[in-house]
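Student: Structure supplied as upload-v3.cif; contents: mmCIF, C-alpha atoms and all ligand atoms.
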data_structure
#
loop_
_atom_site.group_PDB
_atom_site.id
_atom_site.type_symbol
_atom_site.label_atom_id
_atom_site.label_comp_id
_atom_site.auth_asym_id
_atom_site.auth_seq_id
_atom_site.Cartn_x
_atom_site.Cartn_y
_atom_site.Cartn_z
ATOM 1 C CA MET Y 109 0.000 0.000 0.000
ATOM 2 C CA VAL Y 110 1.263 3.456 -0.874
ATOM 3 C CA SER Y 111 -0.128 6.504 0.939
ATOM 4 C CA LEU Y 112 0.167 9.757 -0.953
ATOM 5 C CA VAL Y 113 0.198 12.138 1.989
ATOM 6 C CA GLY Y 114 -0.114 15.915 2.031
ATOM 7 C CA ALA Y 115 2.264 17.445 4.572
ATOM 8 C CA GLY Y 116 0.526 20.820 4.668
ATOM 9 C CA PRO Y 117 1.867 24.229 3.733
ATOM 10 C CA GLY Y 118 4.973 24.441 5.901
ATOM 11 C CA SER Y 119 4.496 24.408 9.644
ATOM 12 C CA PRO Y 120 4.769 20.774 10.762
ATOM 13 C CA ASP Y 121 1.632 20.929 12.920
ATOM 14 C CA LEU Y 122 -0.502 21.618 9.860
ATOM 15 C CA ILE Y 123 -0.390 18.019 8.638
ATOM 16 C CA THR Y 124 -3.640 16.105 9.214
ATOM 17 C CA VAL Y 125 -3.986 13.571 12.027
ATOM 18 C CA ARG Y 126 -4.325 10.836 9.419
ATOM 19 C CA GLY Y 127 -1.247 12.026 7.566
ATOM 20 C CA LEU Y 128 0.835 12.004 10.732
ATOM 21 C CA ASP Y 129 -0.428 8.500 11.579
ATOM 22 C CA ARG Y 130 0.758 7.294 8.168
ATOM 23 C CA VAL Y 131 4.190 8.883 8.598
ATOM 24 C CA ARG Y 132 4.597 7.299 12.031
ATOM 25 C CA ALA Y 133 3.651 3.848 10.767
ATOM 26 C CA ALA Y 134 5.670 3.940 7.524
ATOM 27 C CA ASP Y 135 8.443 1.516 6.610
ATOM 28 C CA VAL Y 136 9.527 3.838 3.804
ATOM 29 C CA VAL Y 137 9.031 7.603 3.483
ATOM 30 C CA VAL Y 138 9.727 9.185 0.103
ATOM 31 C CA PHE Y 139 9.698 12.945 0.609
ATOM 32 C CA ASP Y 140 10.031 16.140 -1.395
ATOM 33 C CA ALA Y 141 11.972 19.298 -0.735
ATOM 34 C CA LEU Y 142 10.221 21.740 1.610
ATOM 35 C CA ILE Y 143 9.051 19.032 4.014
ATOM 36 C CA HIS Y 144 9.685 20.243 7.564
ATOM 37 C CA PRO Y 145 12.398 18.261 9.410
ATOM 38 C CA ASP Y 146 10.072 17.772 12.397
ATOM 39 C CA LEU Y 147 7.717 15.758 10.186
ATOM 40 C CA LEU Y 148 10.555 13.586 8.969
ATOM 41 C CA ALA Y 149 11.588 13.113 12.591
ATOM 42 C CA ALA Y 150 8.110 11.708 13.295
ATOM 43 C CA ALA Y 151 8.929 8.645 11.198
ATOM 44 C CA ARG Y 152 10.207 5.494 12.901
ATOM 45 C CA SER Y 153 13.946 5.600 13.484
ATOM 46 C CA ASP Y 154 14.329 2.433 11.388
ATOM 47 C CA ALA Y 155 12.202 3.716 8.502
ATOM 48 C CA GLU Y 156 13.918 4.104 5.159
ATOM 49 C CA MET Y 157 13.951 7.819 4.302
ATOM 50 C CA VAL Y 158 14.298 8.673 0.611
ATOM 51 C CA TYR Y 159 14.710 12.238 -0.588
ATOM 52 C CA ALA Y 160 12.908 12.635 -3.896
ATOM 53 C CA GLY Y 161 15.006 15.540 -5.004
ATOM 54 C CA LYS Y 162 14.083 18.599 -6.948
ATOM 55 C CA ARG Y 163 11.217 20.788 -5.931
ATOM 56 C CA GLY Y 164 7.631 20.171 -6.723
ATOM 57 C CA TYR Y 165 5.425 19.883 -9.706
ATOM 58 C CA CYS Y 166 7.841 20.184 -12.553
ATOM 59 C CA VAL Y 167 10.526 17.624 -11.768
ATOM 60 C CA GLY Y 168 12.217 16.100 -14.787
ATOM 61 C CA SER Y 169 10.698 12.929 -16.191
ATOM 62 C CA THR Y 170 13.687 10.720 -15.361
ATOM 63 C CA LEU Y 171 13.530 11.619 -11.727
ATOM 64 C CA GLN Y 172 9.736 11.208 -11.713
ATOM 65 C CA GLU Y 173 10.086 7.703 -13.202
ATOM 66 C CA THR Y 174 12.704 6.793 -10.629
ATOM 67 C CA ILE Y 175 10.388 7.926 -7.844
ATOM 68 C CA ASN Y 176 7.439 6.041 -9.341
ATOM 69 C CA ASP Y 177 9.478 2.852 -9.720
ATOM 70 C CA LEU Y 178 10.710 3.077 -6.163
ATOM 71 C CA LEU Y 179 7.141 3.398 -4.856
ATOM 72 C CA VAL Y 180 6.050 0.323 -6.814
ATOM 73 C CA HIS Y 181 9.101 -1.684 -5.834
ATOM 74 C CA ARG Y 182 8.816 -1.010 -2.124
ATOM 75 C CA ALA Y 183 5.058 -1.585 -2.093
ATOM 76 C CA ARG Y 184 5.564 -4.960 -3.817
ATOM 77 C CA GLN Y 185 7.987 -5.892 -1.065
ATOM 78 C CA GLY Y 186 4.991 -5.582 1.248
ATOM 79 C CA LEU Y 187 6.251 -2.408 2.891
ATOM 80 C CA ARG Y 188 4.121 0.496 4.059
ATOM 81 C CA VAL Y 189 5.170 3.327 1.795
ATOM 82 C CA VAL Y 190 4.419 6.993 2.391
ATOM 83 C CA ARG Y 191 4.921 9.485 -0.416
ATOM 84 C CA LEU Y 192 5.074 12.753 1.523
ATOM 85 C CA LYS Y 193 4.419 15.912 -0.465
ATOM 86 C CA GLY Y 194 4.098 19.567 0.450
ATOM 87 C CA GLY Y 195 0.614 21.028 0.752
ATOM 88 C CA ASP Y 196 -1.920 18.706 -0.838
ATOM 89 C CA PRO Y 197 -0.531 15.845 -2.936
ATOM 90 C CA CYS Y 198 -2.883 16.562 -5.822
ATOM 91 C CA VAL Y 199 -2.556 20.335 -6.091
ATOM 92 C CA PHE Y 200 0.429 20.956 -8.366
ATOM 93 C CA GLY Y 201 2.021 17.981 -6.682
ATOM 94 C CA ARG Y 202 1.892 15.205 -9.273
ATOM 95 C CA GLY Y 203 -0.140 13.122 -6.845
ATOM 96 C CA GLY Y 204 -2.606 12.261 -9.590
ATOM 97 C CA GLU Y 205 0.129 10.994 -11.875
ATOM 98 C CA GLU Y 206 1.705 8.902 -9.158
ATOM 99 C CA ALA Y 207 -1.685 7.434 -8.255
ATOM 100 C CA GLU Y 208 -2.253 6.510 -11.916
ATOM 101 C CA TYR Y 209 1.156 4.908 -12.151
ATOM 102 C CA LEU Y 210 0.458 2.802 -9.067
ATOM 103 C CA ALA Y 211 -3.057 1.855 -10.137
ATOM 104 C CA GLU Y 212 -1.856 0.791 -13.595
ATOM 105 C CA ARG Y 213 0.562 -1.609 -11.927
ATOM 106 C CA GLY Y 214 -1.981 -3.007 -9.512
ATOM 107 C CA VAL Y 215 -0.471 -1.359 -6.454
ATOM 108 C CA SER Y 216 -3.086 -0.157 -3.995
ATOM 109 C CA PHE Y 217 -2.876 3.430 -2.885
ATOM 110 C CA GLU Y 218 -4.703 6.044 -0.874
ATOM 111 C CA ILE Y 219 -4.624 9.818 -0.993
ATOM 112 C CA VAL Y 220 -4.421 11.623 2.340
ATOM 113 C CA PRO Y 221 -5.264 15.267 1.694
ATOM 114 C CA GLY Y 222 -3.261 18.174 3.009
ATOM 115 C CA VAL Y 223 -3.759 21.884 3.547
ATOM 116 C CA THR Y 224 -2.689 23.319 0.226
ATOM 117 C CA THR Y 225 -0.481 26.413 0.220
ATOM 118 C CA ALA Y 226 -3.223 28.718 -1.060
ATOM 119 C CA VAL Y 227 -5.343 27.871 1.956
ATOM 120 C CA GLY Y 228 -2.481 27.848 4.462
ATOM 121 C CA ALA Y 229 -0.859 31.043 3.196
ATOM 122 C CA CYS Y 230 -4.095 33.006 3.071
ATOM 123 C CA ALA Y 231 -4.989 31.921 6.604
ATOM 124 C CA ALA Y 232 -1.544 32.842 7.877
ATOM 125 C CA ALA Y 233 -1.668 36.231 6.142
ATOM 126 C CA SER Y 234 -5.234 37.072 7.301
ATOM 127 C CA ILE Y 235 -6.532 36.996 3.736
ATOM 128 C CA PRO Y 236 -9.908 35.267 3.414
ATOM 129 C CA LEU Y 237 -9.697 33.189 0.258
ATOM 130 C CA THR Y 238 -13.368 33.970 -0.306
ATOM 131 C CA HIS Y 239 -15.240 36.790 1.362
ATOM 132 C CA ARG Y 240 -18.952 37.491 1.443
ATOM 133 C CA ASP Y 241 -19.070 40.495 -0.824
ATOM 134 C CA VAL Y 242 -16.051 39.958 -3.011
ATOM 135 C CA GLY Y 243 -15.727 36.375 -4.005
ATOM 136 C CA GLN Y 244 -17.668 33.933 -6.082
ATOM 137 C CA ALA Y 245 -14.751 32.108 -7.680
ATOM 138 C CA VAL Y 246 -11.187 31.241 -6.716
ATOM 139 C CA ALA Y 247 -8.535 30.025 -9.138
ATOM 140 C CA LEU Y 248 -5.387 28.089 -8.263
ATOM 141 C CA VAL Y 249 -2.853 28.637 -10.996
ATOM 142 C CA THR Y 250 0.672 27.509 -11.786
ATOM 143 C CA GLY Y 251 3.019 30.348 -12.632
ATOM 144 C CA HIS Y 252 5.835 27.969 -13.458
ATOM 145 C CA PHE Y 253 5.783 28.602 -17.170
ATOM 146 C CA ASP Y 254 7.040 31.824 -18.687
ATOM 147 C CA PRO Y 255 3.811 33.755 -19.415
ATOM 148 C CA ASP Y 256 5.219 34.777 -22.799
ATOM 149 C CA SER Y 257 6.143 31.250 -23.872
ATOM 150 C CA SER Y 258 3.977 28.725 -25.690
ATOM 151 C CA ASP Y 259 4.201 26.377 -22.670
ATOM 152 C CA CYS Y 260 1.902 28.757 -20.838
ATOM 153 C CA THR Y 261 -1.701 27.965 -21.740
ATOM 154 C CA ILE Y 262 -3.357 30.213 -19.178
ATOM 155 C CA ASP Y 263 -6.471 32.079 -20.307
ATOM 156 C CA TRP Y 264 -5.636 35.457 -18.775
ATOM 157 C CA VAL Y 265 -9.017 36.989 -19.538
ATOM 158 C CA ALA Y 266 -10.799 34.131 -17.784
ATOM 159 C CA LEU Y 267 -8.420 34.521 -14.858
ATOM 160 C CA ALA Y 268 -8.985 38.256 -14.647
ATOM 161 C CA GLY Y 269 -12.675 37.414 -14.208
ATOM 162 C CA MET Y 270 -12.040 35.420 -11.016
ATOM 163 C CA SER Y 271 -12.561 37.004 -7.624
ATOM 164 C CA THR Y 272 -9.343 35.655 -6.164
ATOM 165 C CA VAL Y 273 -6.368 34.194 -7.991
ATOM 166 C CA VAL Y 274 -3.596 32.320 -6.210
ATOM 167 C CA VAL Y 275 -0.474 31.660 -8.241
ATOM 168 C CA TYR Y 276 1.929 28.917 -7.192
ATOM 169 C CA MET Y 277 5.531 28.769 -8.447
ATOM 170 C CA GLY Y 278 5.143 32.208 -10.002
ATOM 171 C CA LEU Y 279 7.523 34.476 -8.093
ATOM 172 C CA ARG Y 280 10.101 34.514 -10.899
ATOM 173 C CA HIS Y 281 7.487 35.696 -13.367
ATOM 174 C CA LEU Y 282 5.606 38.026 -11.030
ATOM 175 C CA ASP Y 283 6.150 41.182 -13.097
ATOM 176 C CA ARG Y 284 4.820 39.530 -16.249
ATOM 177 C CA ILE Y 285 1.981 37.737 -14.501
ATOM 178 C CA ALA Y 286 0.824 41.086 -13.106
ATOM 179 C CA ALA Y 287 1.154 42.698 -16.536
ATOM 180 C CA LYS Y 288 -0.862 39.904 -18.180
ATOM 181 C CA LEU Y 289 -3.665 40.191 -15.639
ATOM 182 C CA ILE Y 290 -3.794 43.974 -16.026
ATOM 183 C CA ALA Y 291 -3.751 43.702 -19.824
ATOM 184 C CA ALA Y 292 -6.608 41.185 -19.511
ATOM 185 C CA GLY Y 293 -8.750 43.745 -17.732
ATOM 186 C CA LEU Y 294 -7.907 43.627 -14.039
ATOM 187 C CA PRO Y 295 -7.563 47.143 -12.574
ATOM 188 C CA ALA Y 296 -3.898 48.001 -11.957
ATOM 189 C CA ASP Y 297 -4.694 48.873 -8.346
ATOM 190 C CA THR Y 298 -6.283 45.497 -7.542
ATOM 191 C CA PRO Y 299 -5.067 44.481 -4.084
ATOM 192 C CA ALA Y 300 -2.422 41.761 -4.254
ATOM 193 C CA ALA Y 301 0.082 40.058 -2.009
ATOM 194 C CA VAL Y 302 3.023 37.716 -1.997
ATOM 195 C CA VAL Y 303 3.228 35.296 0.907
ATOM 196 C CA ALA Y 304 6.609 33.610 1.234
ATOM 197 C CA ARG Y 305 7.539 30.758 3.562
ATOM 198 C CA ALA Y 306 3.908 30.742 4.602
ATOM 199 C CA THR Y 307 3.078 29.401 8.078
ATOM 200 C CA LEU Y 308 6.771 29.183 9.016
ATOM 201 C CA PRO Y 309 8.411 31.430 11.652
ATOM 202 C CA ASP Y 310 10.123 33.517 8.966
ATOM 203 C CA GLN Y 311 6.997 34.027 6.874
ATOM 204 C CA VAL Y 312 7.012 37.248 4.846
ATOM 205 C CA VAL Y 313 3.902 38.998 3.497
ATOM 206 C CA ILE Y 314 4.165 41.892 1.069
ATOM 207 C CA ASP Y 315 0.893 43.470 0.014
ATOM 208 C CA ALA Y 316 0.604 46.148 -2.614
ATOM 209 C CA PRO Y 317 -1.511 47.142 -5.590
ATOM 210 C CA LEU Y 318 -0.980 44.627 -8.371
ATOM 211 C CA GLU Y 319 0.982 47.064 -10.541
ATOM 212 C CA ASP Y 320 3.498 47.759 -7.725
ATOM 213 C CA LEU Y 321 3.811 44.276 -6.254
ATOM 214 C CA ALA Y 322 6.777 43.010 -8.308
ATOM 215 C CA ALA Y 323 8.882 46.077 -7.507
ATOM 216 C CA ARG Y 324 8.014 45.889 -3.811
ATOM 217 C CA VAL Y 325 8.867 42.201 -3.686
ATOM 218 C CA GLU Y 326 12.175 42.817 -5.415
ATOM 219 C CA VAL Y 327 13.154 45.616 -3.019
ATOM 220 C CA ALA Y 328 12.253 43.393 -0.067
ATOM 221 C CA GLY Y 329 14.394 40.580 -1.518
ATOM 222 C CA VAL Y 330 11.648 37.990 -1.094
ATOM 223 C CA THR Y 331 12.576 34.512 -2.278
ATOM 224 C CA ALA Y 332 10.658 31.293 -3.030
ATOM 225 C CA PRO Y 333 8.729 29.374 -1.917
ATOM 226 C CA ALA Y 334 5.985 31.916 -2.278
ATOM 227 C CA VAL Y 335 2.477 32.306 -3.595
ATOM 228 C CA ILE Y 336 0.924 35.355 -5.217
ATOM 229 C CA VAL Y 337 -2.620 36.268 -4.179
ATOM 230 C CA VAL Y 338 -4.624 38.694 -6.296
ATOM 231 C CA GLY Y 339 -8.111 40.002 -5.610
ATOM 232 C CA GLU Y 340 -10.322 42.251 -3.550
ATOM 233 C CA SER Y 341 -10.237 39.882 -0.600
ATOM 234 C CA VAL Y 342 -6.588 40.856 -0.045
ATOM 235 C CA ARG Y 343 -7.944 44.229 1.080
ATOM 236 C CA VAL Y 344 -9.606 42.514 4.044
ATOM 237 C CA ARG Y 345 -6.148 41.759 5.451
ATOM 238 C CA ALA Y 346 -5.384 45.407 6.292
ATOM 239 C CA ARG Y 347 -8.785 45.778 7.951
ATOM 240 C CA LEU Y 348 -8.312 42.635 10.025
ATOM 241 C CA LEU Y 349 -4.796 43.626 11.054
ATOM 242 C CA SER Y 350 -5.834 47.123 12.157
ATOM 243 C CA LEU Y 351 -8.858 45.770 14.022
ATOM 244 C CA SER Y 352 -6.790 43.147 15.801
ATOM 245 C CA THR Y 353 -4.184 45.781 16.697
ATOM 246 C CA SER Y 354 -6.847 48.000 18.224
ATOM 247 C CA ALA Y 355 -8.383 44.987 19.946
ATOM 248 C CA ALA Y 356 -4.970 44.178 21.428
ATOM 249 C CA GLN Y 357 -4.579 47.794 22.499
ATOM 250 C CA GLY Y 358 -8.011 47.622 24.066
ATOM 251 C CA VAL Y 359 -6.866 44.657 26.136
ATOM 252 C CA LEU Y 360 -3.761 46.541 27.222
ATOM 253 C CA ALA Y 361 -5.673 49.732 28.104
HETATM 254 N N1 LIG S 1 1.330 20.538 -3.515
HETATM 255 C C1 LIG S 1 1.715 21.846 -3.016
HETATM 256 C C2 LIG S 1 2.239 22.748 -4.100
HETATM 257 C C3 LIG S 1 3.542 22.281 -4.716
HETATM 258 S S1 LIG S 1 4.129 23.359 -5.960
HETATM 259 C C4 LIG S 1 0.507 22.473 -2.305
HETATM 260 O O1 LIG S 1 -0.598 21.917 -2.340
HETATM 261 O O2 LIG S 1 0.677 23.528 -1.694
HETATM 262 C C5 LIG S 1 5.343 24.286 -5.070
HETATM 263 C C6 LIG S 1 4.859 25.707 -4.858
HETATM 264 O O3 LIG S 1 4.003 25.765 -3.723
HETATM 265 C C7 LIG S 1 5.955 26.703 -4.544
HETATM 266 O O4 LIG S 1 6.594 27.162 -5.720
HETATM 267 C C8 LIG S 1 5.159 27.807 -3.903
HETATM 268 O O5 LIG S 1 4.454 28.563 -4.860
HETATM 269 C C9 LIG S 1 4.153 27.013 -3.114
HETATM 270 N N2 LIG S 1 4.610 26.822 -1.721
HETATM 271 C C10 LIG S 1 4.955 25.664 -1.129
HETATM 272 N N3 LIG S 1 5.243 25.872 0.177
HETATM 273 C C11 LIG S 1 5.078 27.193 0.401
HETATM 274 C C12 LIG S 1 5.202 28.039 1.546
HETATM 275 N N4 LIG S 1 5.558 27.563 2.746
HETATM 276 N N5 LIG S 1 4.941 29.353 1.401
HETATM 277 C C13 LIG S 1 4.564 29.869 0.224
HETATM 278 N N6 LIG S 1 4.435 29.122 -0.894
HETATM 279 C C14 LIG S 1 4.681 27.801 -0.800
#
What is this file in structure tokens?

Tutor:
Amino acid sequence: MVSLVGAGPGSPDLITVRGLDRVRAADVVVFDALIHPDLLAAARSDAEMVYAGKRGYCVGSTLQETINDLLVHRARQGLRVVRLKGGDPCVFGRGGEEAEYLAERGVSFEIVPGVTTAVGACAAASIPLTHRDVGQAVALVTGHFDPDSSDCTIDWVALAGMSTVVVYMGLRHLDRIAAKLIAAGLPADTPAAVVARATLPDQVVIDAPLEDLAARVEVAGVTAPAVIVVGESVRVRARLLSLSTSAAQGVLA
């Protein structure tokens, strides 16, 4: 049996109870970059720990095949295998592909969901992913591909019509992603934010109008992993922060 387990967005206590149970019981843990060391430490001391290398969704095919083969091989040895992935295994995590690979070879699998970064980062940054008056649709988008290349098949006009857009793997292309959204009809002053190292002690949040965000992020020297959040609901963050500051002051007074 192979468990495809979501580790959550960063902080080790944001894994699910079921996910942690699977890690503790595993004979083999195959893990990605960005998995918190405390989660790896939860595995049995005699468990085989295999680092699956390069970050995330867009690993090269050779490496992906090696990982897939290893999962099959260990499962066929009768071992309990955990494939531990950041966030949710099936949100830009290749969990679906790995599940298909296993199923095609008759290896049983389960998917243990995780808190995906969009959800974790917005919670940690006080941005409601949907908000009563401002959100009827949320889009989760990969910003991995150069927006000006033919690999990028994003429909920018459709995206500009969403209430909230969360872009994963897009920090490198932030300036062009912002430009594409604005060219597709989003007002240049749409509230937007970058949340880096979300839910971890050194989390950074930069919020700025969409047209200024890339420059602000560059000045601040923000580095990946980070998500970009665009939409009116980002405006709620400032309101929540000022209200909670005054609430805290009220307690002190
Ligand atoms: N399966 C994961 C996403 C993997 S793709 C999930 O459900 O969240 C990798 C991308 O996730 C990174 O490029 C970044 O955009 C985002 N990411 C992962 N961890 C993050 C963190 N702690 N803070 C901000 N973004 C993060």

Student: List as a PyMOL selection string the protein and nucleic acid residues near Y:Ala160, meaning an atom at most 10 Å away when only C-alpha atoms are counted, but skip any in the same chain fewer than 5 places from it.

Tutor: chain Y and resi 137-141+167+171-172+174-175+191-193

Student: Would you save the residues of that selection, restricted to C-alpha atoms, as a tab-separated table (two decimals), in the frame of the given file?

Tutor:
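Output file selection.tsv is given in full below:
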chain	number	residue	atom	x	y	z
Y	137	VAL	CA	9.03	7.60	3.48
Y	138	VAL	CA	9.73	9.18	0.10
Y	139	PHE	CA	9.70	12.94	0.61
Y	140	ASP	CA	10.03	16.14	-1.40
Y	141	ALA	CA	11.97	19.30	-0.74
Y	167	VAL	CA	10.53	17.62	-11.77
Y	171	LEU	CA	13.53	11.62	-11.73
Y	172	GLN	CA	9.74	11.21	-11.71
Y	174	THR	CA	12.70	6.79	-10.63
Y	175	ILE	CA	10.39	7.93	-7.84
Y	191	ARG	CA	4.92	9.48	-0.42
Y	192	LEU	CA	5.07	12.75	1.52
Y	193	LYS	CA	4.42	15.91	-0.46

Student: With the PyMOL selection byres (((not hetatm)) within 7 of (chain S and resi 1)) as the selection, what would be picked from this file? Answer as an MDAnalysis selection string, please.

Tutor: chainID Y and resid 116:118 142 163:165 193:201 223:226 229 275:278 303:308 332:335

Student: Please write the residues picked by the PyMOL selection byres (((chain Y and resi 270) around 9) and not hetatm) on this file as a short mmCIF file (atom, residue, chain, number, x, y, z; two decimals) with C-alpha atoms, in the frame of the given file.

Tutor:
data_model
loop_
_atom_site.label_atom_id
_atom_site.label_comp_id
_atom_site.auth_asym_id
_atom_site.auth_seq_id
_atom_site.Cartn_x
_atom_site.Cartn_y
_atom_site.Cartn_z
CA GLY Y 243 -15.73 36.38 -4.00
CA GLN Y 244 -17.67 33.93 -6.08
CA ALA Y 245 -14.75 32.11 -7.68
CA VAL Y 246 -11.19 31.24 -6.72
CA ALA Y 247 -8.54 30.02 -9.14
CA ALA Y 266 -10.80 34.13 -17.78
CA LEU Y 267 -8.42 34.52 -14.86
CA ALA Y 268 -8.98 38.26 -14.65
CA GLY Y 269 -12.68 37.41 -14.21
CA SER Y 271 -12.56 37.00 -7.62
CA THR Y 272 -9.34 35.66 -6.16
CA VAL Y 273 -6.37 34.19 -7.99
CA GLY Y 339 -8.11 40.00 -5.61
#

Student: Check which residues satisfy the PyMOL selection byres (((chain Y and resi 186) around 12) and not hetatm) in the file shown, then give them as a count of residues only.

Tutor: 17

Student: Can you tell me how far atom CA of Y:Val227 sits from atom CA of Y:Gly161, in Å to one decimal?

Tutor: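 It comes out at 24.8 Å.
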
Student: What separation in Å, quoted to one decimal, exists between atom CA of Y:Arg240 and atom CA of Y:Ser341?

Tutor: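 Result for atom CA of Y:Arg240 versus atom CA of Y:Ser341: 9.3 Å, one decimal.
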
Student: Using all atoms of stretch 348-352 of chain Y listed in the file and a margin of 3 Å per side, can you give the axis-aligned box centre and edge lengths in Å to one decimal, as AutoDock Vina command-line options?

Tutor:
--center_x -6.8 --center_y 44.9 --center_z 12.9 --size_x 10.1 --size_y 10.5 --size_z 11.8

Student: Atom CA of Y:Trp264 and atom CA of Y:Ile235, how far apart in Å?

Tutor: 22.6 Å

Student: Excluding Y:Gly329 and its own-chain neighbours fewer than 2 positions away, which residues fall within 12 Å of it when counting only C-alpha atoms? Please give them as a PyMOL selection string.

Tutor: chain Y and resi 279-280+302+304+312-314+322-327+331-332

Student: Go through Y:Asp320, Y:Ala149, Y:Gln357, Y:Ser111 and flag the residue nearest Y:Leu210, using only C-alpha atoms for the distances.

Tutor: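 Under the stated criterion, the closest residue is Y:Ser111.
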
Student: Which is closer to Y:Glu205 than all the others in Y:Phe253, Y:Leu112, Y:Ala328, Y:Val131, using only C-alpha atoms?

Tutor: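 Closest residue, counting only C-alpha atoms: Y:Leu112.
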
Student: Distance cut-off 10 Å, centre (-10.0, 44.1, 1.6) in file coordinates, counting all atoms listed in the file: which residues qualify? Return them as a list in words.

Tutor: Ile235, Pro236, His239, Val242, Thr298, Pro299, Ala300, Gly339, Glu340, Ser341, Val342, Arg343, Val344, Arg345, Ala346, Arg347 and Leu348 of chain Y

Student: With only C-alpha atoms as the atoms that count, which of Y:Ile285, Y:Cys230, Y:Ile290, Y:Val265 lies nearest to Y:Asp315?

Tutor: Y:Cys230

Student: For a quick check of understanding, using all atoms listed in the file, which of Y:Gly228, Y:Arg284, Y:Asp146, Y:Leu318 has the smallest distance to Y:Ser257?

Tutor: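 Closest to Y:Ser257, using all atoms listed in the file: Y:Arg284.
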
Student: Which is closest to Y:Gly222 among Y:Ser153, Y:Ala296, Y:Gly203, Y:Leu178, if we use all atoms listed in the file?

Tutor: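 Looking only at the distances to Y:Gly222, the closest residue turns out to be Y:Gly203.
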